[in-house]
Amino acid sequence: MGQDSKSGGMGRRAFLGASAAGTGAMLTGFVAPQAAHAQGTHHAPQVDFPEDPRAFGGGGAAAGAVNRTEMDLIDCEVEGDWPTDLDGAFYRVGPDPQYPKAPEWVGDIPFDGEGHVSMFRIKDGHVDYRTRYAKNQRWKAQREARRSLFGMYRNPPTDDPSVAGLSRGTANTQLFVHHGKLLVFKEDSPPVYMDPLTLETVDDYYTFGGALQSLTHTAHPKIDPLTGEYIGFGYEASGFLSKEVNVFSADRDGRSTWSVTVEAPYAGMMHDFCVTQDYVVLYLTNMVADPDIIAAGGPHFAYDATVPCYLGVMRRGGDGSDLRWLTGPNLFCTHVMGGWNDGTRITVDMDGGEGNQFPFFPSKQGGFDPQASIGRIRRFTVDMAAGGDSYEAETIFPEITGVLSRQDDRYHTLPYRYGFLLATGPNGGWAIIDHQTGTSRVLSVPGYSLSEMCFVPRAPDAPEGDGYLIGIGSSMEESGRSDLILFDLQSGSDEPRARVRMPFKCVGQVHGFWADASAIPGATEG
Ligand code: V55
Ligand code: FE
């Protein structure tokens, strides 16, 4: 996967020669599925990934397009001043095609690869690396058959008949530790529950003890830091192409505390959402679920510039009858940096662009526009006490272009000072946004392209933003060989404080998550 912060270097990116910076570009490296159809490919059972870099898993391991190796590396090589009091785990997950697709489906998109989880367990200055596939229902069926059994991205009619009724979930997008469980997400299905230390799959279809009212679950749940509550949602919640959206919460032990189902204006991608102390803000994008394209064997979504994006705002804990769908400048945002409410006044910060963020999803009007995909930080505000059906939007920190926004997770739902994102363009790197001073800075590593980072608090009770940024960098001179990179945000230095030199290119990622050892059962014993 070419989750690069800079252009150039990586072959799979280079082939479109694009300078696009949308979220999809950062995650996957410009796979153009339509073109791949034209190429002849071999059929399973032989595991021979197509040569064409645009095909699903194209080029195979030799091209860095797949990894497929589950492994343990105890005591990685550590360089620099690794903080010895840091105790926790940095988790990552991304699609890693388990098998080549059947010839009809070689044009499938990179978002459909099976989820491969990696973990850096960090303790006493030692770093151990472990990876395991999420052993979801799809993975297990394909392992048994020794071939791909699922067709196109979120398109069940393209599946092999033998897998009817199995979960299609790939668990390839994001992960989260809550109530002692590592939950791994794909937004079309319930989470997969993995053991947060061994990475063994415990439950391939986790429903919060049967309480989950939705057939789907977001990749971006939130924590209420004041209560430890978990807030999640699912769209297409009552079935394929349904407009229902389920929003729910669970207490710090994972017991359901709230569930409500509402209806969206249309079925479209709702990748992230914002939770404040008093409100839930859904975000419906104009990446619409298109029945015609699905029937024709395409992927689940197509970008439709003629359809509005909506913010859907309702009170937390209510029955959903107060939900209002609001429109504004039509921006396609993907990730929430942070958000809060001050009485009835709600602020939500997201990154996004004016057009399609994902080159591999078809656009219903015209082609993919790299310029319109460039992400900037958008601030949405709405006062729920005022009438009307619109929100305000402004672009903040216009000097920063980027995607994959984050914050210090301990400030979910609350007013916050620091945001982080993967800055794109010639000065790419990890951007630190300071909303209080209105300043930003970018930490980059010469010769490396960086994946999304996570913020790590120096200690569980450290002030906001006091800590580290951690994430993977790929050495462009060394065919993408990986370093785990740690910046100390208080050091005053623009150089990494420490690195782990991996002997290979690590399995790719979409997102990552930091968990303190105190949140991981058994971590403090070993
Ligand atoms: C995203 C990623 C997905 C997906 C839908 O980054 C949206 C956004 C890796 O899979 O299926
Ligand atoms: Fe995401």
# chains A, B, ... in the order shown; residues from 1 in each chain; ligands from 1
call {"tool": "select_by_dssp", "arguments": {"residues": "segment 157-362 of chain A", "states": "strand (DSSP E or B)", "output": "ChimeraX atom specification"}}
result
/A:174-178,181-185,192-194,201-203,222-223,230-235,244-250,256-263,268,274-276,279-284,287-289,301-303,310-315,324-327,332-342,345-353
call {"tool": "residues_around", "arguments": {"residues": "Leu182 of chain A", "least_positions_apart": "4", "cutoff": "10 Å", "atoms": "only C-alpha atoms", "output": "list in words"}}
result
Tyr91, Leu175, Phe176, Val177, His178, Pro191, Val192, Tyr193, Met194, Asp195, Pro196, Leu197, Leu199, Glu200, Thr201, Val202, Ala515 and Ile520 of chain A
call {"tool": "residues_near_ligand", "arguments": {"ligand": "ligand 1", "cutoff": "7 Å", "atoms": "only C-alpha atoms and all ligand atoms", "output": "mmCIF file with N, CA, C and O atoms, in the first residue's frame"}}
result
data_model
loop_
_atom_site.group_PDB
_atom_site.id
_atom_site.type_symbol
_atom_site.label_atom_id
_atom_site.label_comp_id
_atom_site.auth_asym_id
_atom_site.auth_seq_id
_atom_site.Cartn_x
_atom_site.Cartn_y
_atom_site.Cartn_z
ATOM 1 N N THR A 23 -7.988 11.261 0.474
ATOM 2 C CA THR A 23 -7.795 10.200 1.448
ATOM 3 C C THR A 23 -7.463 8.876 0.780
ATOM 4 O O THR A 23 -6.554 8.175 1.188
ATOM 5 N N GLY A 24 -8.208 8.543 -0.258
ATOM 6 C CA GLY A 24 -7.985 7.259 -0.910
ATOM 7 C C GLY A 24 -6.599 7.155 -1.499
ATOM 8 O O GLY A 24 -5.950 6.120 -1.409
ATOM 9 N N GLY A 94 -4.773 -2.891 8.107
ATOM 10 C CA GLY A 94 -4.996 -2.497 6.725
ATOM 11 C C GLY A 94 -5.357 -3.712 5.890
ATOM 12 O O GLY A 94 -5.214 -4.850 6.335
ATOM 13 N N PRO A 95 -5.844 -3.468 4.677
ATOM 14 C CA PRO A 95 -6.174 -4.578 3.785
ATOM 15 C C PRO A 95 -4.930 -5.251 3.252
ATOM 16 O O PRO A 95 -3.973 -4.584 2.870
ATOM 17 N N PHE A 111 -9.764 -1.422 -1.000
ATOM 18 C CA PHE A 111 -10.482 -1.438 0.279
ATOM 19 C C PHE A 111 -11.079 -2.804 0.600
ATOM 20 O O PHE A 111 -11.631 -2.997 1.665
ATOM 21 N N ASP A 112 -11.010 -3.742 -0.338
ATOM 22 C CA ASP A 112 -11.635 -5.048 -0.111
ATOM 23 C C ASP A 112 -10.650 -6.113 0.348
ATOM 24 O O ASP A 112 -11.015 -7.275 0.488
ATOM 25 N N ASN A 172 -10.654 -4.458 8.112
ATOM 26 C CA ASN A 172 -9.394 -3.953 7.546
ATOM 27 C C ASN A 172 -9.167 -2.454 7.732
ATOM 28 O O ASN A 172 -8.254 -1.904 7.112
ATOM 29 N N THR A 173 -9.980 -1.775 8.558
ATOM 30 C CA THR A 173 -9.951 -0.316 8.487
ATOM 31 C C THR A 173 -9.398 0.373 9.737
ATOM 32 O O THR A 173 -8.555 1.262 9.638
ATOM 33 N N LYS A 186 -14.655 -3.061 10.017
ATOM 34 C CA LYS A 186 -14.965 -2.721 8.630
ATOM 35 C C LYS A 186 -16.382 -2.174 8.677
ATOM 36 O O LYS A 186 -17.257 -2.789 9.287
ATOM 37 N N GLU A 187 -16.629 -1.074 8.030
ATOM 38 C CA GLU A 187 -17.900 -0.400 8.259
ATOM 39 C C GLU A 187 -19.116 -1.103 7.674
ATOM 40 O O GLU A 187 -20.235 -0.633 7.838
ATOM 41 N N HIS A 271 -18.453 7.511 6.846
ATOM 42 C CA HIS A 271 -17.240 6.851 7.328
ATOM 43 C C HIS A 271 -16.922 7.178 8.784
ATOM 44 O O HIS A 271 -16.588 6.301 9.560
ATOM 45 N N THR A 334 -13.688 13.082 5.162
ATOM 46 C CA THR A 334 -13.611 11.684 5.573
ATOM 47 C C THR A 334 -13.418 11.519 7.072
ATOM 48 O O THR A 334 -14.066 10.675 7.670
ATOM 49 N N VAL A 510 -4.399 1.189 7.144
ATOM 50 C CA VAL A 510 -5.259 2.340 6.944
ATOM 51 C C VAL A 510 -5.106 3.237 8.177
ATOM 52 O O VAL A 510 -4.658 4.369 8.082
#
call {"tool": "atom_distance", "arguments": {"atom1": "atom CA of Tyr230 of chain A", "atom2": "atom CA of Val245 of chain A"}}
result
16.8 Å
call {"tool": "closest_atom_pairs", "arguments": {"of": "chain A", "to": "ligand 2", "cutoff": "7 Å", "atoms": "only C-alpha atoms and all ligand atoms", "output": "tab-separated table"}}
result
residue	atom	partner	partner_atom_place_in_ligand_line	distance
A:Thr173	CA	ligand 2	1 (Fe)	6.5
A:Gln174	CA	ligand 2	1 (Fe)	6.7
A:Ala219	CA	ligand 2	1 (Fe)	6.3
A:His220	CA	ligand 2	1 (Fe)	6.5
A:His271	CA	ligand 2	1 (Fe)	6.4
A:Asp272	CA	ligand 2	1 (Fe)	6.6
A:Thr334	CA	ligand 2	1 (Fe)	6.9
A:His335	CA	ligand 2	1 (Fe)	6.1
A:Leu404	CA	ligand 2	1 (Fe)	6.9
A:His511	CA	ligand 2	1 (Fe)	6.6
call {"tool": "write_last_selection", "arguments": {"atoms": "C-alpha atoms", "output": "compact mmCIF listing (two decimals), in the first residue's frame"}}
result
# COMPACT_ATOMS: atom_id res chain seq x y z
CA THR A 173 -9.95 -0.32 8.49
CA GLN A 174 -9.43 0.64 12.12
CA ALA A 219 -14.61 2.04 11.79
CA HIS A 220 -14.55 5.19 13.95
CA HIS A 271 -17.24 6.85 7.33
CA ASP A 272 -16.68 8.85 10.51
CA THR A 334 -13.61 11.68 5.57
CA HIS A 335 -12.22 12.02 9.11
CA LEU A 404 -6.45 11.24 8.19
CA HIS A 511 -5.39 3.44 10.58
call {"tool": "select_by_dssp", "arguments": {"residues": "segment 176-348 of chain A", "states": "helix (DSSP H, G or I)", "output": "list in words"}}
result
Pro291, Asp292, Ile293, Ile294 and Ala295 of chain A
call {"tool": "write_last_selection", "arguments": {"atoms": "N, CA and C atoms", "output": "CSV table (one decimal), in the first residue's frame"}}
result
chain,number,residue,atom,x,y,z
A,291,PRO,N,-27.3,1.2,-6.8
A,291,PRO,CA,-27.8,-0.2,-7.2
A,291,PRO,C,-27.5,-0.6,-8.6
A,292,ASP,N,-27.5,0.4,-9.5
A,292,ASP,CA,-27.2,0.0,-10.9
A,292,ASP,C,-25.7,-0.5,-11.1
A,293,ILE,N,-24.8,0.3,-10.5
A,293,ILE,CA,-23.4,-0.1,-10.5
A,293,ILE,C,-23.2,-1.4,-9.8
A,294,ILE,N,-23.9,-1.6,-8.7
A,294,ILE,CA,-23.7,-2.9,-8.0
A,294,ILE,C,-24.3,-4.0,-8.8
A,295,ALA,N,-25.4,-3.8,-9.5
A,295,ALA,CA,-26.0,-4.9,-10.3
A,295,ALA,C,-25.1,-5.2,-11.5
call {"tool": "closest_residue", "arguments": {"among": "A:Tyr303, A:Arg497, A:Asp408, A:Pro53", "to": "Asp461 of chain A", "atoms": "only C-alpha atoms"}}
result
A:Asp408
call {"tool": "residues_around", "arguments": {"residues": "Tyr266 of chain A", "least_positions_apart": "4", "cutoff": "9 Å", "atoms": "only C-alpha atoms", "output": "PyMOL selection string"}}
result
chain A and resi 241-243+284+288-289
call {"tool": "residues_around", "arguments": {"residues": "segment 69-79 of chain A", "least_positions_apart": "4", "cutoff": "6 Å", "atoms": "only C-alpha atoms", "output": "MDAnalysis selection string"}}
result
chainID A and resid 126:132 498:501
call {"tool": "write_last_selection", "arguments": {"atoms": "N, CA and C atoms", "output": "CSV table (one decimal), in the first residue's frame"}}
result
chain,number,residue,atom,x,y,z
A,126,HIS,N,11.7,-2.0,25.3
A,126,HIS,CA,11.7,-3.2,24.4
A,126,HIS,C,10.5,-3.0,23.5
A,127,VAL,N,10.7,-3.4,22.2
A,127,VAL,CA,9.6,-3.4,21.3
A,127,VAL,C,9.5,-4.7,20.6
A,128,ASP,N,8.4,-5.4,20.7
A,128,ASP,CA,8.1,-6.7,20.1
A,128,ASP,C,7.0,-6.4,19.0
A,129,TYR,N,7.2,-7.1,17.9
A,129,TYR,CA,6.3,-6.9,16.7
A,129,TYR,C,5.5,-8.2,16.5
A,130,ARG,N,4.2,-8.1,16.3
A,130,ARG,CA,3.4,-9.3,16.0
A,130,ARG,C,2.4,-8.9,15.0
A,131,THR,N,2.1,-9.8,14.0
A,131,THR,CA,1.0,-9.6,13.1
A,131,THR,C,0.1,-10.8,13.0
A,132,ARG,N,-1.2,-10.6,12.9
A,132,ARG,CA,-2.1,-11.7,12.6
A,132,ARG,C,-3.2,-11.2,11.7
A,498,ALA,N,13.2,8.6,18.8
A,498,ALA,CA,13.7,7.2,18.7
A,498,ALA,C,13.0,6.5,17.5
A,499,ARG,N,13.7,5.4,17.1
A,499,ARG,CA,13.1,4.6,16.0
A,499,ARG,C,13.3,3.2,16.2
A,500,VAL,N,12.5,2.4,15.6
A,500,VAL,CA,12.7,1.0,15.5
A,500,VAL,C,13.0,0.7,14.0
A,501,ARG,N,14.1,0.0,13.8
A,501,ARG,CA,14.5,-0.3,12.4
A,501,ARG,C,14.0,-1.7,12.1
call {"tool": "closest_residue", "arguments": {"among": "A:Asp409, A:Glu477, A:Asp204, A:Asp466", "to": "Val336 of chain A", "atoms": "only C-alpha atoms"}}
result
A:Asp409
call {"tool": "residues_around", "arguments": {"residues": "segment 398-403 of chain A", "least_positions_apart": "4", "cutoff": "6 Å", "atoms": "only C-alpha atoms", "output": "ChimeraX atom specification"}}
result
/A:23,351,375-376,421-424
call {"tool": "write_last_selection", "arguments": {"atoms": "all heavy atoms", "output": "mmCIF file, in the first residue's frame"}}
result
data_model
loop_
_atom_site.group_PDB
_atom_site.id
_atom_site.type_symbol
_atom_site.label_atom_id
_atom_site.label_comp_id
_atom_site.auth_asym_id
_atom_site.auth_seq_id
_atom_site.Cartn_x
_atom_site.Cartn_y
_atom_site.Cartn_z
ATOM 1 N N THR A 23 -7.988 11.261 0.474
ATOM 2 C CA THR A 23 -7.795 10.200 1.448
ATOM 3 C C THR A 23 -7.463 8.876 0.780
ATOM 4 O O THR A 23 -6.554 8.175 1.188
ATOM 5 C CB THR A 23 -9.068 10.037 2.283
ATOM 6 O OG1 THR A 23 -9.403 11.310 2.807
ATOM 7 C CG2 THR A 23 -8.845 9.070 3.426
ATOM 8 N N ASP A 351 -11.318 16.754 7.982
ATOM 9 C CA ASP A 351 -10.525 17.044 6.795
ATOM 10 C C ASP A 351 -11.285 16.564 5.579
ATOM 11 O O ASP A 351 -11.992 15.555 5.630
ATOM 12 C CB ASP A 351 -9.148 16.378 6.872
ATOM 13 C CG ASP A 351 -9.225 14.861 6.909
ATOM 14 O OD1 ASP A 351 -9.451 14.260 5.849
ATOM 15 O OD2 ASP A 351 -9.047 14.273 7.997
ATOM 16 N N GLY A 375 -7.242 17.562 0.526
ATOM 17 C CA GLY A 375 -7.893 17.751 1.815
ATOM 18 C C GLY A 375 -7.384 18.975 2.557
ATOM 19 O O GLY A 375 -6.179 19.242 2.584
ATOM 20 N N ARG A 376 -8.318 19.722 3.140
ATOM 21 C CA ARG A 376 -7.973 20.800 4.058
ATOM 22 C C ARG A 376 -8.841 20.654 5.297
ATOM 23 O O ARG A 376 -9.807 19.894 5.299
ATOM 24 C CB ARG A 376 -8.184 22.162 3.411
ATOM 25 C CG ARG A 376 -7.134 22.496 2.372
ATOM 26 C CD ARG A 376 -7.018 24.000 2.129
ATOM 27 N NE ARG A 376 -5.777 24.312 1.443
ATOM 28 C CZ ARG A 376 -5.526 24.040 0.160
ATOM 29 N NH1 ARG A 376 -6.445 23.455 -0.580
ATOM 30 N NH2 ARG A 376 -4.372 24.336 -0.383
ATOM 31 N N LEU A 421 -2.646 15.600 11.681
ATOM 32 C CA LEU A 421 -3.026 14.937 10.438
ATOM 33 C C LEU A 421 -1.812 14.663 9.580
ATOM 34 O O LEU A 421 -0.726 15.206 9.828
ATOM 35 C CB LEU A 421 -4.114 15.690 9.677
ATOM 36 C CG LEU A 421 -3.802 16.918 8.839
ATOM 37 C CD1 LEU A 421 -5.006 17.276 7.991
ATOM 38 C CD2 LEU A 421 -3.446 18.075 9.728
ATOM 39 N N LEU A 422 -2.017 13.793 8.620
ATOM 40 C CA LEU A 422 -0.961 13.442 7.688
ATOM 41 C C LEU A 422 -0.931 14.513 6.608
ATOM 42 O O LEU A 422 -1.832 14.583 5.769
ATOM 43 C CB LEU A 422 -1.258 12.053 7.101
ATOM 44 C CG LEU A 422 -0.194 11.462 6.189
ATOM 45 C CD1 LEU A 422 1.115 11.217 6.938
ATOM 46 C CD2 LEU A 422 -0.688 10.148 5.596
ATOM 47 N N ALA A 423 0.086 15.365 6.671
ATOM 48 C CA ALA A 423 0.183 16.459 5.702
ATOM 49 C C ALA A 423 0.725 15.928 4.390
ATOM 50 O O ALA A 423 1.666 15.130 4.356
ATOM 51 C CB ALA A 423 1.090 17.561 6.242
ATOM 52 N N THR A 424 0.116 16.374 3.307
ATOM 53 C CA THR A 424 0.503 15.929 1.979
ATOM 54 C C THR A 424 1.259 17.047 1.279
ATOM 55 O O THR A 424 1.368 18.159 1.794
ATOM 56 C CB THR A 424 -0.744 15.557 1.182
ATOM 57 O OG1 THR A 424 -1.666 16.641 1.242
ATOM 58 C CG2 THR A 424 -1.421 14.326 1.756
#
call {"tool": "atom_distance", "arguments": {"atom1": "atom CA of Trp340 of chain A", "atom2": "atom CA of Ser189 of chain A"}}
result
27.8 Å
call {"tool": "residues_around", "arguments": {"residues": "Asp108 of chain A", "least_positions_apart": "2", "cutoff": "8 Å", "atoms": "only C-alpha atoms", "output": "VMD selection string"}}
result
chain A and resid 33 55 to 56 101 105 to 106 110 112 151 to 153 298 to 299
call {"tool": "residues_around", "arguments": {"residues": "segment 445-457 of chain A", "least_positions_apart": "6", "cutoff": "9 Å", "atoms": "only C-alpha atoms", "output": "ChimeraX atom specification"}}
result
/A:2-7,26-27,90,403-410,420-422,428-430,463-477,480,482-483,494-496,508-516
